[in-house]
Structure formats: structure tokens, C-alpha cells
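Asks: Just target06.cif, nothing more (mmCIF, C-alpha atoms):
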```cif
data_model
loop_
_atom_site.label_atom_id
_atom_site.label_comp_id
_atom_site.auth_asym_id
_atom_site.auth_seq_id
_atom_site.Cartn_x
_atom_site.Cartn_y
_atom_site.Cartn_z
CA MET F 1 56.66 -49.50 -169.50
CA HIS F 2 58.23 -52.22 -171.63
CA GLY F 3 61.00 -52.56 -169.10
CA ARG F 4 58.41 -53.09 -166.37
CA TRP F 5 56.80 -55.92 -168.33
CA ARG F 6 60.24 -57.52 -168.81
CA ILE F 7 60.46 -57.67 -165.02
CA VAL F 8 56.90 -58.72 -164.32
CA LEU F 9 56.69 -61.57 -166.84
CA PRO F 10 59.69 -63.52 -165.50
CA MET F 11 58.30 -63.07 -161.99
CA LEU F 12 54.97 -64.50 -163.13
CA VAL F 13 56.70 -67.45 -164.78
CA VAL F 14 58.75 -68.18 -161.69
CA GLY F 15 55.65 -67.76 -159.53
CA GLY F 16 53.77 -70.23 -161.71
CA MET F 17 56.64 -72.72 -161.43
CA LEU F 18 56.66 -72.34 -157.66
CA ILE F 19 52.91 -72.82 -157.46
CA GLY F 20 53.19 -75.91 -159.65
CA CYS F 21 55.92 -77.35 -157.45
CA ALA F 22 53.93 -76.69 -154.29
CA SER F 23 50.75 -78.32 -155.60
CA ALA F 24 52.65 -81.37 -156.85
CA LYS F 25 53.73 -82.39 -153.35
CA PRO F 26 51.90 -85.62 -152.58
CA PRO F 27 49.84 -85.71 -149.37
CA ASP F 28 50.62 -88.15 -146.61
CA ALA F 29 49.15 -91.57 -147.33
CA LEU F 30 45.64 -91.99 -145.96
CA VAL F 31 44.72 -95.66 -145.73
CA TRP F 32 42.28 -98.04 -144.08
CA PRO F 33 42.46 -100.04 -141.87
CA ASN F 34 44.94 -98.41 -139.52
CA PRO F 35 48.40 -99.92 -139.01
CA PRO F 36 49.57 -102.51 -138.23
CA ASP F 37 46.92 -104.15 -140.42
CA PRO F 38 47.77 -104.23 -144.15
CA PRO F 39 46.06 -101.32 -145.95
CA ARG F 40 43.18 -102.23 -148.21
CA ILE F 41 41.76 -98.79 -149.09
CA LYS F 42 43.89 -95.80 -150.04
CA TYR F 43 42.72 -92.23 -150.55
CA LEU F 44 43.84 -90.85 -153.91
CA GLY F 45 42.26 -87.39 -154.06
CA SER F 46 39.12 -85.56 -155.08
CA ILE F 47 37.59 -83.65 -157.98
CA SER F 48 35.26 -80.71 -157.48
CA SER F 49 35.47 -78.53 -160.59
CA GLN F 50 36.77 -78.21 -164.12
CA VAL F 51 39.90 -76.61 -162.69
CA ASP F 52 40.86 -80.02 -161.28
CA VAL F 53 41.01 -81.61 -164.72
CA GLU F 54 41.82 -78.88 -167.23
CA LYS F 55 45.38 -78.56 -168.43
CA VAL F 56 46.51 -74.94 -168.38
CA SER F 57 49.65 -73.77 -170.19
CA ILE F 58 51.96 -71.29 -168.53
CA TRP F 59 50.87 -68.64 -171.06
CA ARG F 60 47.21 -69.25 -170.24
CA TRP F 61 48.08 -68.97 -166.54
CA ILE F 62 49.85 -65.65 -167.16
CA ALA F 63 46.90 -64.33 -169.16
CA ASP F 64 44.51 -65.33 -166.36
CA VAL F 65 46.67 -63.50 -163.82
CA ILE F 66 46.85 -60.36 -165.92
CA LEU F 67 43.37 -60.27 -167.44
CA GLY F 68 41.42 -62.29 -164.92
CA ALA F 69 40.34 -65.89 -165.27
CA GLU F 70 36.97 -66.90 -166.68
CA PRO F 71 34.53 -68.42 -164.16
CA LYS F 72 35.01 -72.17 -163.79
CA ALA F 73 32.24 -74.70 -163.35
CA ARG F 74 32.09 -76.31 -159.92
CA MET F 75 29.94 -79.15 -158.68
CA GLY F 76 26.69 -78.00 -157.08
CA LYS F 77 24.98 -81.12 -155.75
CA PRO F 78 26.64 -84.27 -157.08
CA TYR F 79 24.67 -87.48 -156.74
CA GLY F 80 25.22 -90.25 -159.28
CA VAL F 81 28.73 -91.05 -160.48
CA ALA F 82 30.22 -93.31 -163.14
CA VAL F 83 33.54 -93.74 -164.94
CA ASP F 84 33.76 -94.73 -168.60
CA SER F 85 36.36 -96.94 -170.29
CA ASP F 86 38.45 -93.86 -171.15
CA GLY F 87 38.64 -92.84 -167.51
CA ARG F 88 36.26 -89.90 -167.83
CA LEU F 89 34.36 -89.11 -164.64
CA LEU F 90 30.62 -88.66 -165.17
CA VAL F 91 28.74 -86.82 -162.43
CA ALA F 92 24.96 -86.40 -162.34
CA ASP F 93 24.58 -83.03 -160.63
CA SER F 94 21.00 -82.16 -159.67
CA ALA F 95 21.89 -78.53 -158.94
CA TRP F 96 23.23 -78.05 -162.47
CA GLY F 97 20.49 -80.23 -163.89
CA LYS F 98 23.14 -81.75 -166.17
CA VAL F 99 25.82 -84.43 -166.21
CA MET F 100 29.36 -83.13 -165.80
CA ILE F 101 32.03 -84.92 -167.86
CA LEU F 102 35.52 -84.47 -166.42
CA ASP F 103 38.36 -85.89 -168.48
CA SER F 104 41.63 -85.76 -166.54
CA LYS F 105 43.63 -87.49 -169.29
CA LYS F 106 42.75 -84.98 -171.98
CA GLY F 107 42.29 -82.07 -169.60
CA GLU F 108 38.76 -81.42 -170.83
CA PHE F 109 35.44 -80.53 -169.24
CA SER F 110 31.94 -80.55 -170.71
CA LEU F 111 28.27 -80.70 -169.77
CA LEU F 112 25.88 -83.36 -171.04
CA GLY F 113 22.17 -82.76 -171.66
CA MET F 114 22.23 -79.08 -172.52
CA SER F 115 19.67 -79.03 -175.33
CA GLY F 116 17.77 -80.98 -177.95
CA PRO F 117 15.97 -84.31 -177.44
CA GLY F 118 18.57 -85.31 -174.84
CA VAL F 119 18.11 -82.24 -172.65
CA LEU F 120 18.21 -83.03 -168.93
CA SER F 121 16.37 -81.43 -166.02
CA LYS F 122 17.21 -83.39 -162.88
CA PRO F 123 19.69 -86.19 -163.55
CA LEU F 124 20.35 -88.52 -160.63
CA GLY F 125 21.59 -91.86 -161.94
CA VAL F 126 24.37 -92.34 -164.47
CA ALA F 127 26.02 -95.43 -165.94
CA THR F 128 28.21 -96.30 -168.91
CA ASP F 129 29.37 -99.29 -170.94
CA SER F 130 32.50 -100.44 -172.75
CA LYS F 131 31.40 -98.70 -175.96
CA GLY F 132 31.30 -95.36 -174.19
CA ARG F 133 27.53 -95.00 -174.21
CA ILE F 134 26.16 -92.96 -171.32
CA TYR F 135 22.90 -93.84 -169.57
CA VAL F 136 21.19 -91.19 -167.42
CA THR F 137 17.98 -91.16 -165.38
CA ASP F 138 16.06 -87.91 -165.09
CA SER F 139 13.72 -87.89 -162.09
CA PHE F 140 11.93 -84.72 -163.20
CA GLN F 141 11.20 -85.86 -166.76
CA ASN F 142 10.62 -89.44 -165.54
CA ARG F 143 12.68 -91.05 -168.25
CA ALA F 144 16.14 -92.38 -168.99
CA VAL F 145 18.29 -90.99 -171.78
CA VAL F 146 21.06 -92.75 -173.68
CA TYR F 147 23.93 -90.88 -175.39
CA ASP F 148 26.92 -91.96 -177.40
CA HIS F 149 30.50 -91.36 -176.25
CA GLU F 150 30.50 -87.84 -177.68
CA GLY F 151 27.26 -86.90 -175.93
CA ASN F 152 24.97 -87.22 -178.92
CA PHE F 153 21.41 -88.31 -178.14
CA LEU F 154 20.65 -91.92 -179.05
CA LEU F 155 17.30 -92.74 -177.45
CA GLY F 156 14.93 -92.14 -174.58
CA ILE F 157 13.56 -94.90 -172.36
CA GLY F 158 10.20 -94.87 -170.63
CA GLU F 159 6.97 -93.95 -172.30
CA ARG F 160 4.60 -91.67 -170.40
CA GLY F 161 3.44 -93.37 -167.21
CA ARG F 162 6.23 -95.94 -167.13
CA PHE F 163 8.22 -94.25 -164.36
CA GLU F 164 7.29 -92.17 -161.35
CA GLN F 165 10.80 -91.43 -160.06
CA PRO F 166 13.66 -93.22 -161.82
CA ILE F 167 16.93 -92.90 -159.92
CA GLY F 168 19.41 -95.78 -160.06
CA ILE F 169 20.58 -97.23 -163.37
CA ALA F 170 23.00 -100.03 -164.25
CA VAL F 171 23.96 -102.03 -167.34
CA ASN F 172 24.61 -105.74 -167.87
CA GLU F 173 26.50 -105.77 -171.17
CA THR F 174 26.73 -109.55 -171.37
CA LEU F 175 22.96 -109.88 -171.46
CA GLY F 176 22.34 -106.52 -173.13
CA ARG F 177 20.13 -105.27 -170.30
CA ILE F 178 19.50 -101.93 -168.65
CA TYR F 179 18.19 -101.97 -165.06
CA ILE F 180 16.36 -98.88 -163.82
CA VAL F 181 15.21 -98.34 -160.22
CA ASP F 182 11.83 -96.63 -159.91
CA THR F 183 11.85 -95.29 -156.37
CA LYS F 184 8.18 -94.30 -156.06
CA LYS F 185 6.90 -97.46 -157.75
CA HIS F 186 9.15 -99.61 -155.53
CA LYS F 187 10.28 -101.77 -158.42
CA ILE F 188 13.03 -102.36 -160.96
CA SER F 189 12.31 -102.17 -164.68
CA VAL F 190 14.53 -103.99 -167.15
CA PHE F 191 15.04 -103.02 -170.80
CA ASP F 192 17.23 -104.14 -173.67
CA THR F 193 19.86 -101.77 -175.02
CA GLU F 194 17.43 -100.54 -177.68
CA GLY F 195 15.05 -99.35 -174.96
CA ASN F 196 12.51 -102.16 -175.32
CA PHE F 197 10.83 -103.20 -172.07
CA LEU F 198 11.68 -106.76 -170.99
CA PHE F 199 10.33 -107.33 -167.49
CA GLU F 200 10.13 -105.85 -164.00
CA PHE F 201 10.36 -107.13 -160.46
CA GLY F 202 9.54 -105.89 -156.98
CA SER F 203 6.62 -104.31 -155.15
CA ARG F 204 6.23 -102.27 -151.98
CA GLY F 205 6.73 -104.16 -148.75
CA THR F 206 9.23 -105.63 -146.31
CA GLU F 207 9.32 -109.24 -147.48
CA ASP F 208 12.17 -110.74 -149.49
CA GLY F 209 12.15 -109.23 -152.97
CA GLN F 210 9.97 -106.30 -151.92
CA PHE F 211 11.17 -102.71 -151.63
CA ASN F 212 10.49 -99.55 -149.72
CA PHE F 213 11.75 -96.62 -151.80
CA PRO F 214 14.76 -98.30 -153.42
CA THR F 215 17.29 -95.87 -154.83
CA ASN F 216 20.52 -97.14 -156.33
CA ILE F 217 21.75 -100.28 -158.08
CA ALA F 218 24.94 -102.03 -159.14
CA VAL F 219 25.59 -105.03 -161.39
CA GLY F 220 28.63 -107.21 -160.68
CA LYS F 221 30.85 -109.06 -163.15
CA SER F 222 28.97 -112.28 -162.39
CA GLY F 223 25.66 -110.61 -163.26
CA ILE F 224 24.50 -110.31 -159.65
CA VAL F 225 22.24 -107.32 -159.08
CA ALA F 226 22.66 -105.37 -155.82
CA ILE F 227 19.88 -102.94 -154.92
CA MET F 228 19.89 -100.31 -152.19
CA ASP F 229 16.51 -100.82 -150.51
CA SER F 230 16.79 -97.48 -148.75
CA PHE F 231 13.74 -97.23 -146.50
CA ASN F 232 14.01 -100.89 -145.53
CA PHE F 233 17.63 -100.03 -144.60
CA ARG F 234 19.07 -103.05 -146.38
CA VAL F 235 20.80 -104.35 -149.47
CA GLN F 236 19.02 -106.98 -151.53
CA LEU F 237 20.81 -109.24 -154.01
CA PHE F 238 19.14 -110.77 -157.08
CA ASP F 239 20.23 -112.79 -160.06
CA ALA F 240 20.12 -111.23 -163.52
CA ASP F 241 16.49 -112.27 -163.98
CA GLY F 242 15.30 -110.65 -160.74
CA LYS F 243 15.22 -113.78 -158.58
CA PHE F 244 15.87 -112.96 -154.93
CA ILE F 245 19.12 -114.35 -153.49
CA ARG F 246 19.66 -112.77 -150.10
CA LYS F 247 19.52 -109.57 -148.07
CA PHE F 248 21.63 -107.91 -145.39
CA GLY F 249 21.72 -104.78 -143.28
CA GLY F 250 18.88 -103.25 -141.30
CA ALA F 251 18.18 -99.99 -139.50
CA GLY F 252 20.48 -98.99 -136.65
CA THR F 253 23.89 -97.70 -135.65
CA ALA F 254 25.59 -101.06 -135.19
CA LEU F 255 28.35 -102.11 -137.55
CA GLY F 256 26.83 -103.46 -140.73
CA ARG F 257 23.61 -101.50 -140.23
CA PHE F 258 22.40 -98.45 -142.12
CA SER F 259 20.87 -95.09 -141.31
CA LYS F 260 20.70 -93.19 -144.63
CA PRO F 261 22.13 -95.62 -147.19
CA LYS F 262 22.73 -94.07 -150.59
CA GLY F 263 25.27 -95.34 -153.11
CA ILE F 264 26.17 -98.94 -153.89
CA GLY F 265 28.92 -100.53 -155.96
CA ILE F 266 30.64 -103.87 -156.58
CA ASP F 267 34.38 -104.27 -157.16
CA SER F 268 36.11 -106.80 -159.40
CA GLU F 269 36.25 -109.37 -156.59
CA GLY F 270 32.57 -109.09 -155.72
CA HIS F 271 32.85 -106.96 -152.57
CA ILE F 272 29.81 -104.72 -152.06
CA TYR F 273 30.32 -101.08 -151.04
CA VAL F 274 27.57 -98.97 -149.46
CA SER F 275 27.81 -95.24 -148.73
CA ASP F 276 25.74 -93.80 -145.89
CA ALA F 277 24.81 -90.10 -145.67
CA ALA F 278 24.23 -90.28 -141.90
CA PHE F 279 27.37 -92.23 -140.95
CA ASN F 280 29.33 -90.37 -143.66
CA ASN F 281 31.32 -93.44 -144.46
CA VAL F 282 31.47 -96.42 -146.79
CA GLN F 283 30.98 -99.97 -145.50
CA ILE F 284 32.33 -102.96 -147.41
CA PHE F 285 30.62 -106.36 -147.32
CA ASP F 286 31.14 -109.75 -148.88
CA GLN F 287 28.26 -111.27 -150.83
CA ASP F 288 27.08 -113.12 -147.74
CA GLY F 289 26.51 -109.75 -146.10
CA ARG F 290 29.42 -109.94 -143.67
CA LEU F 291 31.05 -106.61 -142.90
CA LEU F 292 34.71 -106.56 -143.93
CA LEU F 293 35.84 -102.96 -143.47
CA PHE F 294 34.61 -99.38 -143.40
CA PHE F 295 36.30 -96.08 -144.22
CA GLY F 296 35.62 -92.36 -144.01
CA ARG F 297 34.06 -90.07 -141.43
CA MET F 298 32.23 -86.74 -141.28
CA GLY F 299 34.30 -83.71 -142.16
CA THR F 300 35.62 -81.49 -144.93
CA GLY F 301 39.14 -82.86 -145.28
CA PRO F 302 40.67 -85.56 -147.48
CA GLY F 303 38.68 -88.77 -147.31
CA GLU F 304 35.97 -87.14 -145.19
CA PHE F 305 32.31 -86.89 -146.21
CA TRP F 306 29.42 -84.60 -145.53
CA LEU F 307 26.33 -86.25 -147.02
CA ALA F 308 27.93 -89.12 -148.92
CA ALA F 309 25.76 -90.04 -151.91
CA GLY F 310 26.31 -91.99 -155.13
CA LEU F 311 29.14 -94.48 -155.51
CA ALA F 312 30.86 -96.14 -158.46
CA ILE F 313 33.83 -98.47 -158.96
CA ASP F 314 35.83 -98.54 -162.18
CA GLY F 315 37.69 -101.36 -163.91
CA LYS F 316 40.85 -100.72 -161.88
CA ASP F 317 38.94 -100.90 -158.58
CA ARG F 318 39.10 -97.19 -157.96
CA ILE F 319 36.15 -96.11 -155.82
CA TYR F 320 34.35 -92.83 -156.52
CA VAL F 321 32.01 -91.38 -153.87
CA ALA F 322 29.88 -88.27 -154.38
CA ASP F 323 29.98 -85.85 -151.44
CA GLN F 324 27.00 -83.51 -151.67
CA TYR F 325 27.68 -80.89 -149.02
CA ASN F 326 31.40 -80.71 -149.78
CA LYS F 327 30.50 -80.54 -153.49
CA LYS F 328 33.10 -83.00 -154.70
CA VAL F 329 33.79 -86.59 -155.65
CA HIS F 330 36.34 -88.47 -153.53
CA ILE F 331 38.52 -91.11 -155.15
CA PHE F 332 39.91 -94.16 -153.34
CA GLN F 333 41.81 -97.26 -154.41
CA TYR F 334 41.08 -100.82 -153.33
CA LEU F 335 44.48 -102.41 -152.64
CA ALA F 336 44.33 -106.12 -153.18
CA LYS F 337 48.03 -107.03 -152.94
CA SER F 338 50.76 -105.52 -150.82
CA GLY F 339 48.94 -102.24 -150.28
CA THR F 340 51.55 -100.30 -152.23
CA ASP F 341 50.35 -100.60 -155.83
CA GLU F 342 47.34 -99.01 -157.46
CA SER F 343 47.00 -101.41 -160.36
CA GLY F 344 43.85 -103.14 -159.19
CA PRO F 345 42.87 -106.44 -157.62
CA GLY F 346 44.97 -109.49 -157.02
CA PRO F 347 45.16 -112.49 -154.70
CA SER F 348 45.37 -111.36 -151.10
CA SER F 349 43.74 -111.78 -147.71
CA VAL F 350 43.05 -109.70 -144.65
CA THR F 351 42.37 -111.92 -141.69
CA GLU F 352 40.97 -109.07 -139.60
CA SER F 353 39.73 -105.57 -140.24
CA ASN F 354 39.35 -102.70 -137.82
CA ALA F 355 35.66 -103.54 -137.77
CA SER F 356 36.08 -107.17 -136.83
CA LYS F 357 38.54 -106.32 -134.04
CA SER F 358 36.30 -103.79 -132.28
CA GLU F 359 35.22 -104.89 -128.83
CA ASN F 360 33.92 -101.62 -127.48
CA VAL F 361 30.17 -101.92 -127.92
CA THR F 362 29.46 -98.50 -126.41
CA GLY F 363 32.07 -96.42 -128.21
CA LYS F 364 33.26 -96.02 -131.76
CA ALA F 365 35.16 -98.38 -134.00
CA ALA F 366 38.79 -97.63 -134.71
CA GLY F 367 39.35 -95.32 -137.66
CA SER F 368 35.71 -94.31 -138.10
CA ASP F 369 32.93 -92.19 -136.66
CA LEU F 370 30.47 -95.04 -137.10
CA PRO F 371 28.98 -95.82 -133.66
CA VAL F 372 29.39 -99.42 -132.63
CA GLY F 373 26.24 -101.27 -131.69
CA SER F 374 25.74 -104.24 -129.43
CA THR F 375 26.31 -106.82 -132.12
CA GLU F 376 29.76 -107.47 -133.55
CA PRO F 377 30.09 -108.38 -137.23
CA ALA F 378 31.29 -111.80 -138.23
CA ALA F 379 35.04 -111.98 -138.70
CA SER F 380 35.83 -112.13 -142.39
CA SER F 381 38.39 -111.00 -144.92
CA LEU F 382 38.87 -109.01 -148.08
CA LYS F 383 40.09 -111.66 -150.49
#
```
What would you get if you wrote out this structure as C-alpha cells?
Replies:
Amino acid sequence: MHGRWRIVLPMLVVGGMLIGCASAKPPDALVWPNPPDPPRIKYLGSISSQVDVEKVSIWRWIADVILGAEPKARMGKPYGVAVDSDGRLLVADSAWGKVMILDSKKGEFSLLGMSGPGVLSKPLGVATDSKGRIYVTDSFQNRAVVYDHEGNFLLGIGERGRFEQPIGIAVNETLGRIYIVDTKKHKISVFDTEGNFLFEFGSRGTEDGQFNFPTNIAVGKSGIVAIMDSFNFRVQLFDADGKFIRKFGGAGTALGRFSKPKGIGIDSEGHIYVSDAAFNNVQIFDQDGRLLLFFGRMGTGPGEFWLAAGLAIDGKDRIYVADQYNKKVHIFQYLAKSGTDESGPGPSSVTESNASKSENVTGKAAGSDLPVGSTEPAASSLK
């Protein structure tokens, strides 16, 4: 029997080495726009479970093979996403009713909001700040909860009756403000970092500064506030005090229009990204609302979405998009220079994108499943 184990164990070790070598092979580069244009978006990979981040020793792998591995947590219905200053991915998963914390650097996985005063029921929005604090909206409990970096409860926001359905949440650290989107009240409530109410803006309607079931929100480095006005099928931009600046979008299948807009984010250069669950792609705009580029399509493969949802952009301009049906978060990189580095933004220019070159108003734009409408977007560039 001992002799048999002496044979089996080396085979397991070699098998593990072979598996490791096979999985380490990098996939072919997936970039947008298509050649010969310089690439500006690169697909990096995806995360769907704790297996994707946990570090497993060869001895742990052998034990799992022999004794059977313990069940691993997988995403159920990811919606809101955020990335903290340590690179941890935070995923508000409404199926779990918790926030998943996936730490690729340390190889750790945990769940936030399991018990106590910070228990969560239906988290949808999640944000973080440079101190590692985590901000979460719970649309079932109608409140927001703030935790420290380690997941300890700090405070709750929203006395009874304040919210009807809080979803999107964003933080302006410079001003010490927390912005929370109340979808059913059609307004944005603003608090200080201690949870004290400051002011609110918005009401139901179609006029400038009014909303129709707004959902998600992003705050740029300049303090600009971008709000996904979902049932008005548009993005609205405001200053930090809630003063309307401009709007863009509209319902339809033309480039630059929206059908089921969900997530919104702003990169370090001010470009605005919008994910759409119907188009299953992400469109990128400048702050004047001109379409610059779009990427993704419906499917189950790398860089493909099936019900794209929440979106976040980290300090290195990596783009994270929740994919609800595929139960994962896709990760992309904005390439600002030569298109070969992944270090973040830098001075560059794209004179044309696949979107701005499309002339077929009855077909589909190159590199996307987004139907092209009768109106072409203004030619612009990612700078």
C-alpha cells in the first residue's frame, strides 16, 4: 500500500505542475478598436468565484484531490462593483445578499455583512475610499451601511423613511460627501462622511435635472457627478453641489443611445463609461456626450456580456463590469499610450474609433453587436 502511495503522490505533483503550466498560458490579446487602429481597451480576464483569487499550495491541491475539495463560493447575481486602494474587488451580490471581497494579492476571500448591526439583505451599490472604508446600499433595508477596511460596522445612513430604494452610491473624498441614488424617490441624497444629511437634488420628470428611476452614479476626479437616469435613457452630469451641467443619450438603438443602461464610471481622464444590459456592451463618451468607442457583445466568452450591470474603474484605469447571467466580473484595461502597457493613463490620442468610422446605418458597427442607427456620432478621440 505504501508503495502505491509512493507512485501516486509523484503523479499528483506532476499533474498539478502540468495543470499549473496549462492555466498560465496567456490568452490571445483581445482589444478594441480592431486593427489597424491603436488599441485603447484591452481585456485582462474575469473573476467569478473564490477559486479565482485563493492561493492553493501543492499540498492543499493534493489533499483536495484525495479527500475532495470543500465547496467554493461563486457569484450568484453580481450587480455593484468597486475596487479599494489595496486592489481588493468588492462585489454587491443580490443573490448572496452580501458583499463579496476578493483579494487576489493576498489570495483571500470573505463575505461582508454577515451579522450584527452591519448585516446586509440585498446589497446593490458599493463604493470605497482611500482609507479603505466600504460603503454599501441595501435596497431591502432601505439604508446605507459603512464599514472599515476589515469589515467592521461603522455606521448606518438613512433614518426610517429617508429612502425608498437606494441603489447607487459614490464618494467625494475631497469634499467629504457621500452621494446616494434613491431610485423610487427619483432623487439624489447627499451626506457627510459621518452620515449627516446635507442636501438633496432631483425630482421625477424629463426636464434637465429631473430623473425617471435613476440607478447608478459615479464621481470624477474633478468632482463632476455622473448619474445614470435609467428610464429617461440618458446620462446627466452635475457639479458637486447638484447643479445641472448637461445630459446625453436617449432611447434607441443608434450609437450613443441606450436601451437598458446600468453601470456608469469615470476614468482618470474624465471619459464616461456606460454599460447596457440590452446591448451587452460598454459605450465610452467624453464629457460633452460624444461617443468615442464601445466594446463587448452578447455571449459567454472572454469580454462578452449577458446582462451587463454595475461598472467601476480603479486608480490604474482598469475597468470592472458585472455580468449577471454569466455570474462574473470582467476586467479590462484602458490603454492611454502605445496600447502595450497596463500602467494607466498617459498623453495619447485616437483620431478615429470604430464607432466614428461606421457608415452602415442599417447594419452593425465594427467589433460590436450594437445596432447602428440613422445618426452617426460626432468624430472625437480618446485623449
Asks: Which of these residues is nearest to Asp241 (chain F), using all atoms listed in the file: F:Arg88, F:Arg177, F:Lys105, F:Lys77?
Replies: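 Of the candidates, the smallest distance to Asp241 (chain F) is held by F:Arg177.
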Asks: Applying the PyMOL selection byres ((chain F and resi 148) around 10) to the file I just gave you, which residues come out? Please list them as a ChimeraX atom specification.
Replies: /F:128,131-135,146-147,149-155
Asks: Excluding Phe199 (chain F) and residues on its chain fewer than 3 positions from it, collect all residues at most 8 Å away from it, counting all atoms listed in the file, and give them as a ChimeraX atom specification.
Replies: /F:189-191
Asks: Pick out the residues sitting within 9 Å of Gln141 (chain F), and hand them over as an MDAnalysis selection string; count all atoms listed in the file, and ignore anything fewer than 5 positions along from it in its own chain.
Replies: chainID F and resid 120:122 165
Asks: Of the candidates F:Ile272, F:Ala278, F:Met114, F:Val91, which shows the shortest atom-to-atom distance to Gln50 (chain F), using all atoms listed in the file?
Replies: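 Nearest candidate to Gln50 (chain F) out of F:Ile272, F:Ala278, F:Met114, F:Val91: F:Val91.
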Asks: Excluding region 79-83 of chain F and any residue of its chain fewer than 6 positions from it, enumerate the residues within 10 Å of it, using all atoms listed in the file, and give them as an MDAnalysis selection string.
Replies: chainID F and resid 89:95 99:103 123:129 132 134:137 167:170 216 262:263 307:315 318:324 327:329
Asks: Provide the CA of Pro214 (chain F) to CA of Glu164 (chain F) distance in Å, to one decimal place.
Replies: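 Calculated distance between CA of Pro214 (chain F) and CA of Glu164 (chain F) is 12.5 Å.
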Asks: Quick one: residues within 6 Å of Arg40 (chain F), only C-alpha atoms counted, chain neighbours fewer than 6 positions away excluded, as a PDB file with C-alpha atoms, in the frame of the given file?
Replies:
```pdb
ATOM      1  CA  TRP F  32      42.280 -98.040-144.080  1.00  0.00           C
ATOM      2  CA  TYR F 334      41.080-100.820-153.330  1.00  0.00           C
ATOM      3  CA  LEU F 335      44.480-102.410-152.640  1.00  0.00           C
TER       4      LEU F 335
END
```
Asks: If I take CA of Phe231 (chain F) and CA of Gly195 (chain F), how far is one from the other in Å, to one decimal?
Replies: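 Interatomic distance, CA of Phe231 (chain F) to CA of Gly195 (chain F): 28.6 Å.
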Asks: CA of Gly250 (chain F) and CA of Phe332 (chain F) are how many Å apart?
Replies: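 For CA of Gly250 (chain F) relative to CA of Phe332 (chain F), the distance reads 25.9 Å.
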Asks: Assuming the chain letters and numbering stay as they are in my file, what does the PyMOL selection byres ((chain F and resi 275) around 6) actually select? List them as a list in words.
Replies: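 Taken over the shown coordinates, the PyMOL selection byres ((chain F and resi 275) around 6) returns Pro261, Lys262, Gly263, Val274, Asp276, Asn281 and Val282 of chain F.
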Asks: Can you work out which one of F:Asp52, F:Glu200, F:Glu173, F:Glu304 has the shortest atom-to-atom distance to His186 (chain F), counting all atoms listed in the file?
Replies: F:Glu200
Asks: The PyMOL selection byres ((chain F and resi 201) around 6) - which residues does that actually catch in the file I just gave you? List them as a PyMOL selection string.
Replies: chain F and resi 187-188+200+202
Asks: Within 9 Å of Lys221 (chain F), counting all atoms listed in the file, which residues show up once you throw out same-chain ones fewer than 2 positions away? Write them as a tab-separated table (two decimals) with C-alpha atoms, in the coordinates of the input, please.
Replies:
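File out.tsv, as written:
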```tsv
chain	number	residue	atom	x	y	z
F	172	ASN	CA	24.61	-105.74	-167.87
F	219	VAL	CA	25.59	-105.03	-161.39
F	223	GLY	CA	25.66	-110.61	-163.26
F	224	ILE	CA	24.50	-110.31	-159.65
F	266	ILE	CA	30.64	-103.87	-156.58
F	267	ASP	CA	34.38	-104.27	-157.16
F	268	SER	CA	36.11	-106.80	-159.40
F	269	GLU	CA	36.25	-109.37	-156.59
F	270	GLY	CA	32.57	-109.09	-155.72
```
Asks: Using all atoms listed in the file, pick whichever of F:Asp229, F:Glu54, F:Asp208, F:Asp286 has the shortest atom-to-atom distance to Glu108 (chain F).
Replies: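 The shortest atom-to-atom distance to Glu108 (chain F) comes from F:Glu54.
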Asks: Let me make sure I understand: among F:Gln236, F:Lys106, F:Gly242, F:Gln210, which one has the smallest atom-to-atom distance to Tyr179 (chain F) if we use all atoms listed in the file?
Replies: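 Using all atoms listed in the file, the shortest distance to Tyr179 (chain F) belongs to F:Gly242.
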Asks: Could you check which of F:Ala29, F:Ile284, F:Ile157, F:Ala144 is closest to Asn196 (chain F), using only C-alpha atoms?
Replies: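 Of F:Ala29, F:Ile284, F:Ile157, F:Ala144, the one nearest Asn196 (chain F) is F:Ile157, counting only C-alpha atoms.
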